[in-house]
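What follows is a short report on a single structure.
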Amino acid sequence: MVERRTELAIPKPDMTPMIDCVFQLMIFFMLTLKIVSAEGNFDINMPIGQSSGTPDPLAQDLKVRLKADVNGNLVNIQFGSRSLGNDERAFAQLNEEVLRSIGGQPGGPAAKDAEVELDADYNLHYSYIVKAISACTGRFDKRTKQVIRYIEKIKFAPPKAKGANS
Amino acid sequence: MDNPEVDMTPMIDCVFQLITFFMLVINFESTSADERVKLPESEIAKPPKVKREDEVVINIGFIRKHDGTKRNPDGSTDNVDPLVFLNGEDIPVGAMTPRIKKDLQLYKLQHPGEAIKTVVKIRADSETPIGAVQELIKLYQEQKYEKFALQAMEAEQD
């Protein structure tokens, strides 16, 4: 005799184990989450013996001298023999001077050969170096939202002795 | 009387959304960044387009009190020198040579006969004297490292 089911009950799955697992997963991801702020970098090429060797006559070195006080604050920026000051305007001026020195053509042949040598006092804070490197490397064009590169090659002059601020 | 059953569907939907979000934003890479180092900001600094194969991250900065004043490891606040924060240790810049040599030995074992291609990524605190950074670069140069990168925080651009 054939058994006939009159009511076909829809089986309800037990959700508890899945919810347990899912919560475990969520707690794991929440705890391992680490918000990392975006960092950028400036490449500094310092081949061995470069700082102590004789200067290459073909290389077009632009010298940027950064003077600091005993507390490490910037006193003066000197580009070649020109004194530019120590405020935000000085960095803007440095940026203009660098652009002028590469013939006003970012990405041109002069920009490829040029190299900036940073000569800073021992005490000078790292933040000023980053500003100076930024001013030499290029500028951010607000209109196109692109970075216009000036000079990519940056190097340091031999380090100054500690406490020998001028 | 039947037991009232709660409809779990909206909650499960939400929880899955949350899981997806956390899965997407998670970063398993160890960044080797030390929280004590506050990097300066720059609009121009951009991460390298091609990921570097080999790099060493060096954090250099100061130990600070709660009010932000710099202090030496012994607690004094006079003539505070920057320290290199490496694997949970605080090392003066001048004492880094043995560490660099150890790294170099390991590199040479992994890459026998090859020139050093490692990039030394320097994460320096905004107030670190550049002389200390240069001293560190010099110590690495003495061990034949040639490529260095100075780190800065990407500034907000409007």
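Labels for the structure tokens follow display order: chains A, B, ..., residues from 1 in each chain, ligands from 1.
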Note to self: Show me, as a ChimeraX atom specification, the residues of chain B whose atoms get within 8 Å of chain A, using only C-alpha atoms for the distance check.
What the structure shows: /B:12,15-16,18-19,22-23,25-27,39-48,124-132,134-135,141-142,144-154,157-158
Prev. selection, N, CA and C atoms, output as a short mmCIF file (atom, residue, chain, number, x, y, z; two decimals), in the first residue's frame:
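Saved file out.cif follows:
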data_model
loop_
_atom_site.label_atom_id
_atom_site.label_comp_id
_atom_site.auth_asym_id
_atom_site.auth_seq_id
_atom_site.Cartn_x
_atom_site.Cartn_y
_atom_site.Cartn_z
N ILE B 12 21.57 38.35 9.43
CA ILE B 12 22.61 37.61 8.69
C ILE B 12 23.10 38.44 7.50
N VAL B 15 25.47 41.04 8.91
CA VAL B 15 26.73 40.44 9.37
C VAL B 15 27.60 40.05 8.19
N PHE B 16 27.00 39.52 7.15
CA PHE B 16 27.79 39.18 5.94
C PHE B 16 28.37 40.42 5.28
N LEU B 18 29.22 43.12 6.87
CA LEU B 18 30.34 43.52 7.73
C LEU B 18 31.56 42.66 7.46
N ILE B 19 31.36 41.36 7.38
CA ILE B 19 32.48 40.44 7.13
C ILE B 19 33.16 40.78 5.81
N PHE B 22 35.29 43.90 6.26
CA PHE B 22 36.54 43.66 6.99
C PHE B 22 37.53 42.83 6.16
N MET B 23 36.99 41.89 5.39
CA MET B 23 37.88 41.07 4.55
C MET B 23 38.59 41.93 3.50
N VAL B 25 39.21 45.27 3.65
CA VAL B 25 40.13 46.30 4.13
C VAL B 25 41.30 45.72 4.93
N ILE B 26 41.24 44.44 5.21
CA ILE B 26 42.31 43.85 6.03
C ILE B 26 43.64 43.86 5.28
N ASN B 27 44.68 44.07 6.01
CA ASN B 27 46.01 44.10 5.42
C ASN B 27 46.90 43.14 6.22
N LEU B 39 55.76 60.58 10.90
CA LEU B 39 56.38 61.01 9.64
C LEU B 39 55.92 62.41 9.22
N PRO B 40 56.79 63.18 8.59
CA PRO B 40 56.33 64.46 8.03
C PRO B 40 55.46 64.21 6.80
N GLU B 41 54.66 65.21 6.44
CA GLU B 41 53.77 65.05 5.29
C GLU B 41 54.38 65.65 4.03
N SER B 42 54.02 65.09 2.90
CA SER B 42 54.47 65.65 1.63
C SER B 42 53.44 65.34 0.56
N GLU B 43 53.16 66.34 -0.29
CA GLU B 43 52.20 66.13 -1.38
C GLU B 43 52.83 65.33 -2.52
N ILE B 44 54.14 65.40 -2.58
CA ILE B 44 54.86 64.81 -3.73
C ILE B 44 55.19 63.33 -3.50
N ALA B 45 55.36 62.96 -2.23
CA ALA B 45 55.78 61.58 -1.93
C ALA B 45 54.73 60.59 -2.41
N LYS B 46 55.18 59.64 -3.20
CA LYS B 46 54.26 58.63 -3.74
C LYS B 46 54.89 57.25 -3.53
N PRO B 47 54.06 56.24 -3.27
CA PRO B 47 54.63 54.91 -3.13
C PRO B 47 55.21 54.42 -4.45
N PRO B 48 56.25 53.56 -4.42
CA PRO B 48 56.85 53.11 -5.67
C PRO B 48 55.82 52.35 -6.53
N ALA B 124 61.76 58.18 9.42
CA ALA B 124 62.29 59.03 10.49
C ALA B 124 61.21 59.95 11.03
N ASP B 125 61.25 60.16 12.33
CA ASP B 125 60.33 61.09 12.98
C ASP B 125 60.60 62.51 12.47
N SER B 126 59.55 63.33 12.41
CA SER B 126 59.69 64.70 11.90
C SER B 126 60.82 65.48 12.56
N GLU B 127 61.04 65.23 13.86
CA GLU B 127 62.02 66.02 14.60
C GLU B 127 63.40 65.37 14.67
N THR B 128 63.59 64.28 13.96
CA THR B 128 64.91 63.64 13.97
C THR B 128 65.93 64.56 13.30
N PRO B 129 67.09 64.79 13.95
CA PRO B 129 68.11 65.58 13.25
C PRO B 129 68.60 64.82 12.01
N ILE B 130 68.71 65.53 10.90
CA ILE B 130 69.09 64.88 9.64
C ILE B 130 70.49 64.27 9.75
N GLY B 131 71.33 64.86 10.61
CA GLY B 131 72.68 64.31 10.81
C GLY B 131 72.64 62.86 11.27
N ALA B 132 71.67 62.53 12.14
CA ALA B 132 71.55 61.15 12.63
C ALA B 132 71.13 60.22 11.49
N GLN B 134 71.77 60.75 8.35
CA GLN B 134 72.94 60.63 7.47
C GLN B 134 73.98 59.66 8.05
N GLU B 135 74.13 59.69 9.39
CA GLU B 135 75.04 58.75 10.04
C GLU B 135 74.61 57.31 9.77
N GLN B 141 76.15 52.37 4.09
CA GLN B 141 77.06 52.50 2.93
C GLN B 141 78.35 51.73 3.18
N GLU B 142 78.83 51.80 4.42
CA GLU B 142 80.08 51.09 4.76
C GLU B 142 79.94 49.58 4.53
N LYS B 144 78.22 48.40 2.06
CA LYS B 144 77.96 48.31 0.61
C LYS B 144 76.49 48.39 0.21
N TYR B 145 75.66 48.97 1.06
CA TYR B 145 74.28 49.25 0.66
C TYR B 145 74.30 50.56 -0.13
N GLU B 146 73.51 50.64 -1.21
CA GLU B 146 73.55 51.84 -2.06
C GLU B 146 72.22 52.54 -2.24
N LYS B 147 71.14 51.79 -2.04
CA LYS B 147 69.83 52.38 -2.32
C LYS B 147 69.09 52.71 -1.04
N PHE B 148 68.65 53.95 -0.96
CA PHE B 148 67.94 54.40 0.22
C PHE B 148 66.65 55.09 -0.20
N ALA B 149 65.68 55.04 0.69
CA ALA B 149 64.42 55.75 0.42
C ALA B 149 63.99 56.43 1.70
N LEU B 150 63.66 57.70 1.60
CA LEU B 150 63.17 58.44 2.76
C LEU B 150 61.65 58.43 2.72
N GLN B 151 61.05 58.03 3.81
CA GLN B 151 59.59 57.91 3.85
C GLN B 151 58.92 59.20 4.31
N ALA B 152 57.77 59.48 3.74
CA ALA B 152 56.95 60.60 4.19
C ALA B 152 55.49 60.19 4.05
N MET B 153 54.66 60.85 4.82
CA MET B 153 53.23 60.56 4.77
C MET B 153 52.63 61.28 3.56
N GLU B 154 51.75 60.59 2.84
CA GLU B 154 51.09 61.25 1.71
C GLU B 154 50.10 62.28 2.22
N GLN B 157 45.27 65.91 -0.63
CA GLN B 157 45.28 66.90 -1.72
C GLN B 157 43.87 67.34 -2.04
N ASP B 158 43.65 68.65 -2.06
CA ASP B 158 42.29 69.08 -2.40
C ASP B 158 42.23 69.75 -3.76
#
Check: Got a sec: who's within 10 Å of Lys117 of chain B, counting only C-alpha atoms, leaving out chain neighbours fewer than 2 positions off, as a list of chain:residue names?
Finding: B:Arg52, B:Glu53, B:Asp54, B:Glu55, B:Tyr107, B:His111, B:Glu114, B:Ala115, B:Val119, B:Val120, B:Lys144, B:Tyr145, B:Glu146, B:Lys147
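Atom CA of Glu97 of chain A lies 13.4 Å from atom CA of Asp61 of chain A.
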Next item on the list: Run DSSP on the backbone and grab whatever in chain A lands in strand (DSSP E or B); send it over as a PyMOL selection string.
Entry: chain A and resi 39-45+60-68+74-79+82-85+114-120+125+138-141+146-149+154-156
Would you output that residue set with N, CA and C atoms, as a tab-separated table (two decimals), in the first residue's frame?
chain	number	residue	atom	x	y	z
A	39	GLU	N	51.73	55.86	2.76
A	39	GLU	CA	53.06	56.47	2.83
A	39	GLU	C	53.68	56.53	1.44
A	40	GLY	N	54.45	57.57	1.23
A	40	GLY	CA	55.19	57.67	-0.02
A	40	GLY	C	56.66	57.74	0.28
A	41	ASN	N	57.47	57.73	-0.75
A	41	ASN	CA	58.90	57.80	-0.47
A	41	ASN	C	59.66	58.60	-1.51
A	42	PHE	N	60.86	59.01	-1.13
A	42	PHE	CA	61.77	59.69	-2.03
A	42	PHE	C	63.01	58.81	-2.13
A	43	ASP	N	63.37	58.44	-3.34
A	43	ASP	CA	64.55	57.60	-3.50
A	43	ASP	C	65.81	58.45	-3.43
A	44	ILE	N	66.74	57.97	-2.65
A	44	ILE	CA	68.02	58.66	-2.52
A	44	ILE	C	69.08	57.68	-2.98
A	45	ASN	N	69.80	58.05	-4.00
A	45	ASN	CA	70.85	57.16	-4.49
A	45	ASN	C	72.19	57.59	-3.91
A	60	GLN	N	75.32	67.92	-13.63
A	60	GLN	CA	74.89	69.28	-13.33
A	60	GLN	C	74.32	69.28	-11.91
A	61	ASP	N	75.17	69.60	-10.95
A	61	ASP	CA	74.76	69.56	-9.56
A	61	ASP	C	74.16	70.89	-9.12
A	62	LEU	N	73.00	70.80	-8.52
A	62	LEU	CA	72.39	71.99	-7.94
A	62	LEU	C	72.56	71.88	-6.43
A	63	LYS	N	73.21	72.86	-5.87
A	63	LYS	CA	73.49	72.76	-4.43
A	63	LYS	C	72.44	73.52	-3.62
A	64	VAL	N	71.86	72.82	-2.67
A	64	VAL	CA	70.90	73.44	-1.77
A	64	VAL	C	71.46	73.33	-0.36
A	65	ARG	N	71.73	74.48	0.23
A	65	ARG	CA	72.30	74.51	1.57
A	65	ARG	C	71.19	74.87	2.56
A	66	LEU	N	71.05	74.05	3.60
A	66	LEU	CA	70.01	74.29	4.60
A	66	LEU	C	70.66	74.53	5.95
A	67	LYS	N	70.51	75.74	6.44
A	67	LYS	CA	71.13	76.08	7.72
A	67	LYS	C	70.11	75.97	8.84
A	68	ALA	N	70.59	75.47	9.99
A	68	ALA	CA	69.67	75.27	11.11
A	68	ALA	C	70.21	75.92	12.38
A	74	LEU	N	64.78	75.54	10.87
A	74	LEU	CA	65.43	76.07	9.67
A	74	LEU	C	65.71	77.57	9.84
A	75	VAL	N	66.93	77.98	9.49
A	75	VAL	CA	67.30	79.40	9.57
A	75	VAL	C	67.32	80.00	8.17
A	76	ASN	N	67.88	79.25	7.24
A	76	ASN	CA	67.99	79.80	5.88
A	76	ASN	C	68.17	78.69	4.84
A	77	ILE	N	67.56	78.91	3.68
A	77	ILE	CA	67.80	78.02	2.54
A	77	ILE	C	68.65	78.80	1.55
A	78	GLN	N	69.68	78.16	1.07
A	78	GLN	CA	70.53	78.81	0.07
A	78	GLN	C	70.55	77.93	-1.17
A	79	PHE	N	70.16	78.51	-2.29
A	79	PHE	CA	70.18	77.77	-3.55
A	79	PHE	C	71.33	78.33	-4.37
A	82	ARG	N	72.28	82.03	-3.87
A	82	ARG	CA	71.12	82.88	-3.50
A	82	ARG	C	70.50	82.45	-2.19
A	83	SER	N	70.24	83.43	-1.35
A	83	SER	CA	69.60	83.15	-0.07
A	83	SER	C	68.08	83.30	-0.24
A	84	LEU	N	67.33	82.30	0.22
A	84	LEU	CA	65.88	82.30	-0.04
A	84	LEU	C	65.02	82.51	1.19
A	85	GLY	N	65.60	82.47	2.37
A	85	GLY	CA	64.82	82.65	3.60
A	85	GLY	C	64.50	81.33	4.27
A	114	ALA	N	70.16	66.56	-14.35
A	114	ALA	CA	70.40	67.35	-13.14
A	114	ALA	C	70.30	66.51	-11.87
A	115	GLU	N	71.07	66.93	-10.91
A	115	GLU	CA	71.07	66.25	-9.62
A	115	GLU	C	71.12	67.31	-8.52
A	116	VAL	N	70.35	67.09	-7.48
A	116	VAL	CA	70.35	68.05	-6.38
A	116	VAL	C	71.18	67.50	-5.23
A	117	GLU	N	72.06	68.35	-4.73
A	117	GLU	CA	72.84	67.94	-3.55
A	117	GLU	C	72.35	68.74	-2.36
A	118	LEU	N	71.87	68.03	-1.35
A	118	LEU	CA	71.39	68.70	-0.14
A	118	LEU	C	72.50	68.74	0.89
A	119	ASP	N	72.79	69.93	1.34
A	119	ASP	CA	73.85	70.10	2.33
A	119	ASP	C	73.20	70.73	3.56
A	120	ALA	N	72.91	69.90	4.56
A	120	ALA	CA	72.15	70.39	5.71
A	120	ALA	C	72.97	70.30	6.99
A	125	HIS	N	65.82	69.44	11.46
A	125	HIS	CA	64.78	68.42	11.57
A	125	HIS	C	64.50	67.78	10.21
A	138	GLY	N	59.44	68.21	-7.42
A	138	GLY	CA	58.35	68.60	-8.31
A	138	GLY	C	57.28	69.37	-7.59
A	139	ARG	N	56.12	69.44	-8.23
A	139	ARG	CA	55.00	70.12	-7.57
A	139	ARG	C	53.70	69.41	-7.93
A	140	PHE	N	52.73	69.63	-7.07
A	140	PHE	CA	51.42	69.01	-7.29
A	140	PHE	C	50.53	70.00	-8.03
A	141	ASP	N	50.09	69.62	-9.21
A	141	ASP	CA	49.23	70.49	-10.00
A	141	ASP	C	47.78	70.29	-9.56
A	146	GLN	N	47.79	66.01	-10.79
A	146	GLN	CA	48.94	65.17	-11.09
A	146	GLN	C	50.20	65.79	-10.47
A	147	VAL	N	51.18	64.94	-10.22
A	147	VAL	CA	52.46	65.46	-9.73
A	147	VAL	C	53.36	65.70	-10.93
A	148	ILE	N	53.85	66.93	-11.03
A	148	ILE	CA	54.78	67.25	-12.13
A	148	ILE	C	56.19	67.10	-11.59
A	149	ARG	N	56.93	66.21	-12.20
A	149	ARG	CA	58.28	65.89	-11.69
A	149	ARG	C	59.32	66.83	-12.27
A	154	ILE	N	68.41	62.85	-6.14
A	154	ILE	CA	68.70	63.62	-4.92
A	154	ILE	C	69.85	62.94	-4.20
A	155	LYS	N	70.79	63.70	-3.72
A	155	LYS	CA	71.84	63.10	-2.89
A	155	LYS	C	72.18	64.03	-1.75
A	156	PHE	N	72.90	63.49	-0.79
A	156	PHE	CA	73.30	64.29	0.36
A	156	PHE	C	74.78	64.62	0.27
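For the pair atom CA of Asp14 of chain A and atom CA of Glu5 of chain B, the interatomic distance is 11.8 Å.
Going from atom CA of Glu152 of chain A to atom CA of Val133 of chain B covers 19.9 Å.
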